[in-house]
Amino acid sequence: MSIPGQEKQWDKEEKEHRKYNDVRIFDDNQLNNYTEDELKNYKCKHDISQLEQLESGPWPSFVSDLKREAVHRHKVGQDNLMIPADIVDDLLGIVELSYKERETHWKHGGIVGVLGYGGGIVGRYNDQQAKFPNIAHFHTIRVAQPGAKFYTTDYLRAFSDIAEYRGSGLTNLHGSTGDMVILGSFSEQLEPLFFDLTHDLGVDLGGSGGNLRTPSDCIGKARCEFACYDTMALCYDLTMTYQDELHRPAFPYKFKFKFDGCPNCCIASIARADMSYIGTWKDDIRINQDAVQEYAAGKIPPDGGGFAGRDWGKFDIQAEVINLCPTQCMKWDGKKISINNAECNRCMHCIDVMPEALRVGKDQGLSILFGAKAPILEGAQMSCMTIPFMYANAPYTSIKGVVTKVFDWWTEEGKNRERVGETIQRVSLKKFCEVLGIPPMPQMVTAPRANPYVFFKEEEVPGGFARDIDDYRSRHPR
Amino acid sequence: MSKGKLGYFNPQKPQENRITDIGPCHYGQMLPPVIRRNYGKWASHRILEPGLLVHVSETGEKAFTVRAAAARIMSVEHIREICDIADKHCNGYVRFTTRNNIEFITDSEEKAKALKKELDSRKHVGGSFKFPTGGTGMGMTNIVHTQGWIHCHTPATDASGPVKAVADVLFDEFKNMRLPAKLRIALACCLNMCGAVHCSDIALLGYHRKPPAIDHEVLGKVCEIPLVVASCPLYAIKPITTEDGKKSVSVNIEKCMYCGNCYTMCLALPLSDGPGDGVAILAGGKVSNRLSPPKFSKVIVPILPNNTPRWPEVTDVVKKMVEIWAKEANKYERLGDWAERIGWERFFEKMGLPFTHHLVDDYRLAVDTFRTSTQFKFTEHAWAVSKAVGGI
Amino acid sequence: MDKSVKQQVRELLRKRDYEPLLDLCERDRRFWQEVRFRLFDMDENLRWTAIEMAAKLMQHWWSSGQEEKVRIYIRTLFWSMSDESGGIGWSAPQTIAEIIVNIPEIIDPYGSMMIAHSIEEPPLMKGGLWGIGRLGRRIAESVNFFEDKILAVFQSEDSEILGIAAWAMGEAGFQPARPLLEELRFRTENVQIYINGKFLQKKVGRWAEESIGKIEKSRGIS
């Protein structure tokens, strides 16, 4: 919801954002200010002999990358930087120290932020301030990423200037939750940095703390034929709807939305999200029988050609598709494939193998699963199938209705540092169903309970729970 | 343009011109034209070669995607170089994937191939590739990881270092598509597991091995003792009064499994890092619903030392595991699927890894992992048990 | 996200109409959620009344036997002051202090914890010092325990910190602060402090003088 007076910022859908040249901080001379030789000759003022061993080998070396940033900062000069020019040198030094001692040198402690927001910035101080003064503070700033991490170079260049001028020049693209991360700023630069982001880049901070974390999504309908709903649109809509929950932590612990377009789960929502939105369909898989025959004849490679690196022999549609189907719902008569769709559990295998012949159904929507989390504290969980199918059409009123119910209940019921998955475990899945106002369904479990310790409600039992020992004794004397 | 120590911020009037609650940029501003024109109309795709995808729209238009690796921690210089490439080849558009790769999208195959060549040609002065292309199809893609010693205050290992070491060793699998199924590797530098480490084919986990040190001087004044007691999942903490009358707690070191939850609740219980820290290896997890349902990764090596800078013990195990799985698994079988089909005893036998007491579950629901059937295969582990009781 | 909930809460907070707002919070959780969002509000009037509202709600829960619920909320506030959470509890120390004023028996350990979690964190220092002032003598014992850290705040160059610290020392009757207060007597910066529902503005020197007077008096009493 927009803040009064800021409607112009809110109403930025589909409009161009500002060009790099309108907001740049560094000029072209400052950007191209060192030669390859200078880079080769760079010697860090600290000994970094162990780290330098990580420069060889084919995989992109982060050490080489850090060095190039160190060189650039030196050449730009301290006058043109609001953060110590030598911050990357000191970072290399302190990491090298960790490599020698096999311990971290970052301290527990350090609350920093911007006014009005209860999160988005994580404070960090090192415990070797005398040795590494240029890295006395090393706070990270989370910046909300655009849907499916699509960027224009204008945006990235402007972001880079801000990250180098008011930060260490090092970033994470991206953090685990999905935010862009600016690594390494000092406390005094946080407000100016926040103003730069909102004014010049038109972007907000991400979330941290006991809040709704920045939602993230797969590429969805932007490029993937498997996507069963517009992940980017839903992710954006919910992110904007729940800005209060994101910036002003009022939850017992963190809460994550993640949006997967199909059961292949490329954004791993089923393993990482408290509320996983996974695309699905409820009608029939679309079949192009001519294309099926091409696959069977070996004319189209399986899995889009993903097996091309090895000779697996002739493609055998019967063995590789029909027989592997987990529900055995498919038949191949040598000419046509037939699918008993009612028996299909939409595992995506056949579609993954033959994307030019099989397509997801047309009657599309999403399933909602709840409760995934990392091991702390009671153990790792994956999210549990709760709502089998919902249409995902703007303005997503029904979906938001479900979210509201969950937020309201969990804020009240959740104990400290209890993810919603653990709350559900504690109060029982059937109680969670009551909260959502849904009946239980077999699809929520892999099997009904084996232990017979069943609770009944008092109203279900004739005569209720009150017992009268005299009445009992009248029939069964001692 | 924002310049100077304060930029647009006025500390005397912090509310002035403050913009808040605007969220991310709308994705519509960032879509390359070919994507925008065919949004929601994509019909199929192919992988033309490792690192080069083509998506075909219902309209007949095609989008060519070149995928290149990235180290996740990225200097702005690197970002600017990516932008230079994207300006030259992709009209100023670029994206990143969920697993931290870079993707460049163009609308012609020749452009894509030229771009791929350019990307593969670029190297750091230290010799590593800057933007190696690959990571598609049945191979390894990027290794998801966290901050490690570069930024985190609770890590038991580094993140970027082991990732570089492992990725170097498995680089051919990034450049090729010759594995039985996809290979997803992740690293977490501590139990907080920032990332989907608990459901990966191969997972590396930093692990502490010492109970917390207790600061009795301040604990009672700085922490809520009932909360500290309740924070331990194994009930290893109890309240005590010290000899000089201070309220504090004690930790039963027999029960402690060094998860660090008490430390998170109370600063006076530092989980001392030290020679005890190391890397555990887990295997057999997956996230996708394809064929078999998602499953957790299982601990297969409880601890390996942090032998910087290349973690050779870790990379040896990982390399061997990938080689054996690649050789023996059926087509479409993820590592966990294969391990389950042949049986975990066979897995440990082939890997030559010891099966120690560390690997038997003793936490909540451990009973679910017990093998309550007669179905097993004979391996050396089995003979060792029989011999131990004089059975043979 | 109901516009009317947002609006209603803002109006009631501005009017300091706590009774009806408490009613609403009890009947519909979304009102309580909205009050909690206001704890971060840039508008001081809304922020302080939200703090008072939160404390009144906690007092209501406590007296109706929902003690665990109150503790869970207070722990959420402490969690937001822990960097482990990644959060920043801007109003957390003040809210905790205000809750203790409403529920005196929980001062141990929450009073000393409030000081411990805030006194060394720059964004929370002012809140923690305000909390000491608000609790006054009740928290004198903890102030003694954290003497070094509390006296260290007087090294600050921030006049607001000095003003609030000066006021707080008087409220707590903290004798060791006396020499530092003497040094502040001639400071002329204006500092505004929220006391008993009003914003009072005085020069730092004035706050210091008044506190010296209060400390003298407390010596006389004890």
# chains A, B, ... in the order shown; residues from 1 in each chain; ligands from 1
>>> residues_around(residues="segment 51-57 of chain C", least_positions_apart="3", cutoff="9 Å", atoms="only C-alpha atoms", output="MDAnalysis selection string")
chainID C and resid 13 16 18 21:22 25:26 32 35:36 38:39 46:48 60:62 91:92 94:103
>>> interface_residues(of="chain A", to="chain C", cutoff="10 Å", atoms="only C-alpha atoms", output="ChimeraX atom specification")
/A:1,108-124,187,207-211,241-245,247-254,400,404,407-409,411-417
>>> closest_residue(among="A:Asn41, A:Asn341, A:Thr35, A:Ser61", to="chain B", atoms="only C-alpha atoms")
A:Ser61
>>> closest_atom_pairs(of="chain C", to="chain B", cutoff="7 Å", atoms="only C-alpha atoms", output="CSV")
residue,atom,partner,partner_atom,distance
C:Glu84,CA,B:Thr264,CA,6.4
C:Pro109,CA,B:Glu224,CA,6.2
C:Ser112,CA,B:Lys221,CA,5.6
C:Met113,CA,B:Val222,CA,4.8
C:Ala116,CA,B:Val222,CA,5.6
>>> closest_atom_pairs(of="chain B", to="chain A", cutoff="6 Å", atoms="only C-alpha atoms", output="JSON lines")
{"residue": "B:Met1", "atom": "CA", "partner": "A:Val23", "partner_atom": "CA", "distance": 4.8}
{"residue": "B:Leu6", "atom": "CA", "partner": "A:Pro192", "partner_atom": "CA", "distance": 5.3}
{"residue": "B:Gly7", "atom": "CA", "partner": "A:Pro192", "partner_atom": "CA", "distance": 5.5}
{"residue": "B:Phe9", "atom": "CA", "partner": "A:Pro192", "partner_atom": "CA", "distance": 5.2}
{"residue": "B:Asp21", "atom": "CA", "partner": "A:Gln243", "partner_atom": "CA", "distance": 5.9}
{"residue": "B:Ile22", "atom": "CA", "partner": "A:Asp204", "partner_atom": "CA", "distance": 5.7}
{"residue": "B:Gly23", "atom": "CA", "partner": "A:Asp204", "partner_atom": "CA", "distance": 4.8}
{"residue": "B:Pro24", "atom": "CA", "partner": "A:Ala144", "partner_atom": "CA", "distance": 4.8}
{"residue": "B:Cys25", "atom": "CA", "partner": "A:Pro146", "partner_atom": "CA", "distance": 5.5}
{"residue": "B:His26", "atom": "CA", "partner": "A:Glu13", "partner_atom": "CA", "distance": 5.5}
{"residue": "B:Tyr27", "atom": "CA", "partner": "A:Gly147", "partner_atom": "CA", "distance": 5.1}
{"residue": "B:Gly28", "atom": "CA", "partner": "A:Glu14", "partner_atom": "CA", "distance": 5.0}
{"residue": "B:Gln29", "atom": "CA", "partner": "A:Glu14", "partner_atom": "CA", "distance": 5.4}
{"residue": "B:Met30", "atom": "CA", "partner": "A:Tyr151", "partner_atom": "CA", "distance": 5.0}
{"residue": "B:Tyr39", "atom": "CA", "partner": "A:Ala222", "partner_atom": "CA", "distance": 4.9}
{"residue": "B:Gly40", "atom": "CA", "partner": "A:Lys221", "partner_atom": "CA", "distance": 4.5}
{"residue": "B:Trp42", "atom": "CA", "partner": "A:Glu225", "partner_atom": "CA", "distance": 4.8}
{"residue": "B:Ala43", "atom": "CA", "partner": "A:Glu225", "partner_atom": "CA", "distance": 5.1}
{"residue": "B:Ser44", "atom": "CA", "partner": "A:Glu356", "partner_atom": "CA", "distance": 5.3}
{"residue": "B:Arg46", "atom": "CA", "partner": "A:Gly304", "partner_atom": "CA", "distance": 4.1}
{"residue": "B:Ile47", "atom": "CA", "partner": "A:Gly305", "partner_atom": "CA", "distance": 5.3}
{"residue": "B:Arg72", "atom": "CA", "partner": "A:Leu173", "partner_atom": "CA", "distance": 5.3}
{"residue": "B:Ile73", "atom": "CA", "partner": "A:Asn172", "partner_atom": "CA", "distance": 4.5}
{"residue": "B:Met74", "atom": "CA", "partner": "A:Thr171", "partner_atom": "CA", "distance": 5.2}
{"residue": "B:Ser75", "atom": "CA", "partner": "A:Leu170", "partner_atom": "CA", "distance": 4.4}
{"residue": "B:Val76", "atom": "CA", "partner": "A:Ser160", "partner_atom": "CA", "distance": 5.1}
{"residue": "B:Cys83", "atom": "CA", "partner": "A:Thr153", "partner_atom": "CA", "distance": 5.2}
{"residue": "B:Gly92", "atom": "CA", "partner": "A:Thr153", "partner_atom": "CA", "distance": 5.1}
{"residue": "B:Tyr93", "atom": "CA", "partner": "A:Thr152", "partner_atom": "CA", "distance": 4.6}
{"residue": "B:Val94", "atom": "CA", "partner": "A:Tyr151", "partner_atom": "CA", "distance": 5.4}
{"residue": "B:Arg95", "atom": "CA", "partner": "A:Phe150", "partner_atom": "CA", "distance": 4.3}
{"residue": "B:Phe96", "atom": "CA", "partner": "A:Lys149", "partner_atom": "CA", "distance": 5.4}
{"residue": "B:Gly126", "atom": "CA", "partner": "A:Glu55", "partner_atom": "CA", "distance": 5.2}
{"residue": "B:Gly127", "atom": "CA", "partner": "A:Ser56", "partner_atom": "CA", "distance": 5.6}
{"residue": "B:Ser128", "atom": "CA", "partner": "A:Pro58", "partner_atom": "CA", "distance": 4.5}
{"residue": "B:Phe129", "atom": "CA", "partner": "A:Pro60", "partner_atom": "CA", "distance": 5.1}
{"residue": "B:Lys130", "atom": "CA", "partner": "A:Pro60", "partner_atom": "CA", "distance": 5.1}
{"residue": "B:Gly137", "atom": "CA", "partner": "A:Gly306", "partner_atom": "CA", "distance": 3.9}
{"residue": "B:Met138", "atom": "CA", "partner": "A:Gly306", "partner_atom": "CA", "distance": 5.3}
{"residue": "B:Trp149", "atom": "CA", "partner": "A:Thr104", "partner_atom": "CA", "distance": 5.2}
{"residue": "B:Ile150", "atom": "CA", "partner": "A:Val95", "partner_atom": "CA", "distance": 6.0}
{"residue": "B:His153", "atom": "CA", "partner": "A:Trp106", "partner_atom": "CA", "distance": 4.8}
{"residue": "B:Asp168", "atom": "CA", "partner": "A:Trp59", "partner_atom": "CA", "distance": 5.3}
{"residue": "B:Asn176", "atom": "CA", "partner": "A:Gly309", "partner_atom": "CA", "distance": 5.8}
{"residue": "B:Met177", "atom": "CA", "partner": "A:Gly309", "partner_atom": "CA", "distance": 4.4}
{"residue": "B:Arg178", "atom": "CA", "partner": "A:Gly309", "partner_atom": "CA", "distance": 4.2}
{"residue": "B:Gly195", "atom": "CA", "partner": "A:Ser176", "partner_atom": "CA", "distance": 5.5}
{"residue": "B:Val287", "atom": "CA", "partner": "A:Ala268", "partner_atom": "CA", "distance": 5.9}
{"residue": "B:Ser288", "atom": "CA", "partner": "A:Asn264", "partner_atom": "CA", "distance": 4.7}
{"residue": "B:Asn289", "atom": "CA", "partner": "A:Cys347", "partner_atom": "CA", "distance": 5.3}
{"residue": "B:Arg290", "atom": "CA", "partner": "A:Cys347", "partner_atom": "CA", "distance": 4.7}
{"residue": "B:Leu291", "atom": "CA", "partner": "A:Cys347", "partner_atom": "CA", "distance": 5.9}
{"residue": "B:Thr308", "atom": "CA", "partner": "A:Tyr99", "partner_atom": "CA", "distance": 6.0}
{"residue": "B:Pro309", "atom": "CA", "partner": "A:Gln50", "partner_atom": "CA", "distance": 5.7}
>>> write_last_selection(atoms="C-alpha atoms", output="tab-separated table (two decimals), in the first residue's frame")
chain	number	residue	atom	x	y	z
B	1	MET	CA	23.61	12.65	-8.14
B	6	LEU	CA	25.56	12.80	3.58
B	7	GLY	CA	24.21	12.68	0.04
B	9	PHE	CA	20.28	12.73	3.97
B	21	ASP	CA	7.84	1.23	1.67
B	22	ILE	CA	8.38	1.27	-2.08
B	23	GLY	CA	9.51	-2.34	-2.37
B	24	PRO	CA	11.51	-3.68	-5.30
B	25	CYS	CA	11.55	-2.24	-8.78
B	26	HIS	CA	8.76	-3.61	-10.91
B	27	TYR	CA	10.09	-6.46	-13.02
B	28	GLY	CA	8.40	-4.99	-16.08
B	29	GLN	CA	11.18	-2.39	-16.24
B	30	MET	CA	13.83	-5.07	-16.56
B	39	TYR	CA	5.64	-13.43	-21.73
B	40	GLY	CA	3.41	-16.40	-20.93
B	42	TRP	CA	6.67	-20.07	-24.17
B	43	ALA	CA	6.09	-23.55	-25.55
B	44	SER	CA	9.31	-25.57	-25.35
B	46	ARG	CA	16.30	-27.14	-25.87
B	47	ILE	CA	19.82	-27.11	-24.60
B	72	ARG	CA	28.19	-15.00	-5.68
B	73	ILE	CA	30.45	-12.60	-3.84
B	74	MET	CA	31.02	-10.07	-6.56
B	75	SER	CA	32.93	-6.83	-6.76
B	76	VAL	CA	31.32	-3.90	-8.50
B	83	CYS	CA	27.25	-4.85	-17.78
B	92	GLY	CA	21.65	-3.83	-21.84
B	93	TYR	CA	19.76	-6.68	-20.17
B	94	VAL	CA	21.04	-9.43	-17.91
B	95	ARG	CA	19.73	-11.64	-15.15
B	96	PHE	CA	20.89	-13.90	-12.35
B	126	GLY	CA	45.32	-15.20	-11.45
B	127	GLY	CA	44.32	-17.71	-14.13
B	128	SER	CA	40.72	-18.63	-13.24
B	129	PHE	CA	37.88	-18.08	-15.69
B	130	LYS	CA	35.74	-15.05	-15.09
B	137	GLY	CA	21.30	-30.10	-18.24
B	138	MET	CA	22.57	-33.21	-16.51
B	149	TRP	CA	34.78	-16.14	7.27
B	150	ILE	CA	34.16	-13.19	5.00
B	153	HIS	CA	30.08	-14.53	13.19
B	168	ASP	CA	37.60	-26.54	-9.27
B	176	ASN	CA	29.48	-31.02	-19.53
B	177	MET	CA	26.16	-32.79	-19.38
B	178	ARG	CA	27.27	-36.35	-18.82
B	195	GLY	CA	20.22	-21.96	1.97
B	287	VAL	CA	14.08	-30.69	-3.79
B	288	SER	CA	12.29	-31.49	-7.02
B	289	ASN	CA	9.18	-33.66	-7.22
B	290	ARG	CA	10.33	-35.35	-10.41
B	291	LEU	CA	9.91	-39.14	-10.20
B	308	THR	CA	42.93	-24.44	4.42
B	309	PRO	CA	43.19	-23.27	1.77
>>> select_by_dssp(residues="segment 33-219 of chain C", states="strand (DSSP E or B)", output="list in words")
Asn190, Val191, Gln192, Ile193, Tyr194, Ile195, Lys198, Phe199, Leu200, Gln201, Lys202 and Lys203 of chain C
>>> select_by_dssp(residues="segment 308-374 of chain B", states="alpha helix (DSSP H)", output="PyMOL selection string")
chain B and resi 312-328+335-342+344-351
>>> write_last_selection(atoms="N, CA, C and O atoms", output="short mmCIF file (atom, residue, chain, number, x, y, z; two decimals), in the first residue's frame")
data_model
loop_
_atom_site.label_atom_id
_atom_site.label_comp_id
_atom_site.auth_asym_id
_atom_site.auth_seq_id
_atom_site.Cartn_x
_atom_site.Cartn_y
_atom_site.Cartn_z
N PRO B 312 41.47 -30.49 1.08
CA PRO B 312 41.66 -31.67 0.24
C PRO B 312 40.85 -32.89 0.68
O PRO B 312 40.35 -33.64 -0.15
N GLU B 313 40.67 -33.07 2.00
CA GLU B 313 39.91 -34.24 2.46
C GLU B 313 38.47 -34.15 1.95
O GLU B 313 37.87 -35.15 1.56
N VAL B 314 37.92 -32.94 1.99
CA VAL B 314 36.54 -32.74 1.55
C VAL B 314 36.43 -32.96 0.04
O VAL B 314 35.56 -33.70 -0.43
N THR B 315 37.33 -32.34 -0.71
CA THR B 315 37.20 -32.45 -2.16
C THR B 315 37.43 -33.89 -2.62
O THR B 315 36.79 -34.34 -3.58
N ASP B 316 38.29 -34.62 -1.93
CA ASP B 316 38.51 -36.03 -2.30
C ASP B 316 37.21 -36.82 -2.18
O ASP B 316 36.84 -37.58 -3.08
N VAL B 317 36.53 -36.67 -1.05
CA VAL B 317 35.29 -37.44 -0.84
C VAL B 317 34.25 -37.04 -1.88
O VAL B 317 33.59 -37.90 -2.49
N VAL B 318 34.11 -35.75 -2.10
CA VAL B 318 33.07 -35.28 -3.04
C VAL B 318 33.36 -35.80 -4.44
O VAL B 318 32.48 -36.31 -5.13
N LYS B 319 34.61 -35.70 -4.85
CA LYS B 319 34.97 -36.14 -6.21
C LYS B 319 34.69 -37.63 -6.38
O LYS B 319 34.12 -38.06 -7.38
N LYS B 320 35.10 -38.41 -5.37
CA LYS B 320 34.89 -39.85 -5.47
C LYS B 320 33.40 -40.17 -5.56
O LYS B 320 32.97 -41.02 -6.35
N MET B 321 32.61 -39.46 -4.74
CA MET B 321 31.18 -39.72 -4.72
C MET B 321 30.56 -39.46 -6.10
O MET B 321 29.77 -40.25 -6.61
N VAL B 322 30.95 -38.35 -6.69
CA VAL B 322 30.37 -38.02 -7.99
C VAL B 322 30.80 -39.04 -9.03
O VAL B 322 30.00 -39.50 -9.85
N GLU B 323 32.06 -39.46 -8.99
CA GLU B 323 32.54 -40.43 -9.97
C GLU B 323 31.80 -41.76 -9.87
O GLU B 323 31.37 -42.32 -10.87
N ILE B 324 31.66 -42.24 -8.65
CA ILE B 324 31.01 -43.54 -8.47
C ILE B 324 29.55 -43.46 -8.89
O ILE B 324 29.02 -44.32 -9.61
N TRP B 325 28.86 -42.40 -8.44
CA TRP B 325 27.45 -42.26 -8.80
C TRP B 325 27.30 -42.17 -10.31
O TRP B 325 26.43 -42.82 -10.90
N ALA B 326 28.18 -41.36 -10.94
CA ALA B 326 28.06 -41.18 -12.38
C ALA B 326 28.22 -42.50 -13.12
O ALA B 326 27.55 -42.77 -14.10
N LYS B 327 29.09 -43.35 -12.58
CA LYS B 327 29.38 -44.62 -13.25
C LYS B 327 28.24 -45.61 -13.05
O LYS B 327 27.91 -46.38 -13.94
N GLU B 328 27.66 -45.62 -11.86
CA GLU B 328 26.79 -46.74 -11.50
C GLU B 328 25.30 -46.46 -11.57
O GLU B 328 24.50 -47.39 -11.61
N LEU B 335 21.34 -38.78 -7.01
CA LEU B 335 22.27 -39.49 -6.13
C LEU B 335 21.53 -40.20 -5.01
O LEU B 335 21.81 -41.36 -4.68
N GLY B 336 20.56 -39.52 -4.41
CA GLY B 336 19.80 -40.14 -3.33
C GLY B 336 18.96 -41.32 -3.82
O GLY B 336 18.83 -42.33 -3.13
N ASP B 337 18.39 -41.21 -5.02
CA ASP B 337 17.61 -42.31 -5.58
C ASP B 337 18.51 -43.53 -5.75
O ASP B 337 18.12 -44.66 -5.42
N TRP B 338 19.70 -43.28 -6.27
CA TRP B 338 20.64 -44.38 -6.51
C TRP B 338 21.04 -45.03 -5.19
O TRP B 338 21.02 -46.27 -5.06
N ALA B 339 21.38 -44.21 -4.19
CA ALA B 339 21.79 -44.76 -2.90
C ALA B 339 20.68 -45.62 -2.30
O ALA B 339 20.93 -46.68 -1.72
N GLU B 340 19.46 -45.17 -2.44
CA GLU B 340 18.35 -45.95 -1.88
C GLU B 340 18.14 -47.25 -2.65
O GLU B 340 17.81 -48.28 -2.05
N ARG B 341 18.32 -47.19 -3.97
CA ARG B 341 18.10 -48.40 -4.75
C ARG B 341 19.13 -49.48 -4.40
O ARG B 341 18.79 -50.64 -4.20
N ILE B 342 20.40 -49.07 -4.31
CA ILE B 342 21.42 -50.09 -4.01
C ILE B 342 21.51 -50.38 -2.51
O ILE B 342 22.11 -51.37 -2.10
N TRP B 344 21.98 -48.26 1.43
CA TRP B 344 23.04 -47.42 1.99
C TRP B 344 24.28 -48.24 2.37
O TRP B 344 25.39 -47.74 2.32
N GLU B 345 24.09 -49.53 2.71
CA GLU B 345 25.28 -50.32 3.03
C GLU B 345 26.18 -50.44 1.81
O GLU B 345 27.40 -50.41 1.90
N ARG B 346 25.55 -50.62 0.66
CA ARG B 346 26.34 -50.73 -0.58
C ARG B 346 27.01 -49.40 -0.90
O ARG B 346 28.14 -49.34 -1.38
N PHE B 347 26.29 -48.30 -0.61
CA PHE B 347 26.85 -46.97 -0.84
C PHE B 347 28.13 -46.79 -0.02
O PHE B 347 29.16 -46.40 -0.56
N PHE B 348 28.06 -47.11 1.28
CA PHE B 348 29.24 -46.93 2.12
C PHE B 348 30.38 -47.84 1.68
O PHE B 348 31.55 -47.49 1.75
N GLU B 349 29.99 -49.03 1.20
CA GLU B 349 31.02 -49.97 0.76
C GLU B 349 31.72 -49.40 -0.47
O GLU B 349 32.94 -49.38 -0.55
N LYS B 350 30.96 -48.95 -1.44
CA LYS B 350 31.56 -48.42 -2.66
C LYS B 350 32.40 -47.18 -2.39
O LYS B 350 33.42 -46.96 -3.00
N MET B 351 31.94 -46.39 -1.45
CA MET B 351 32.65 -45.15 -1.16
C MET B 351 33.87 -45.39 -0.29
O MET B 351 34.73 -44.53 -0.19
#
>>> residues_around(residues="Glu210 of chain C", least_positions_apart="4", cutoff="9 Å", atoms="only C-alpha atoms", output="list in words")
Ala166, Trp167, Gly170, Gly205, Arg206, Lys214 and Ile215 of chain C
>>> residues_around(residues="segment 196-199 of chain B", least_positions_apart="5", cutoff="6 Å", atoms="only C-alpha atoms", output="VMD selection string")
chain B and resid 186 285 to 287 296 to 297
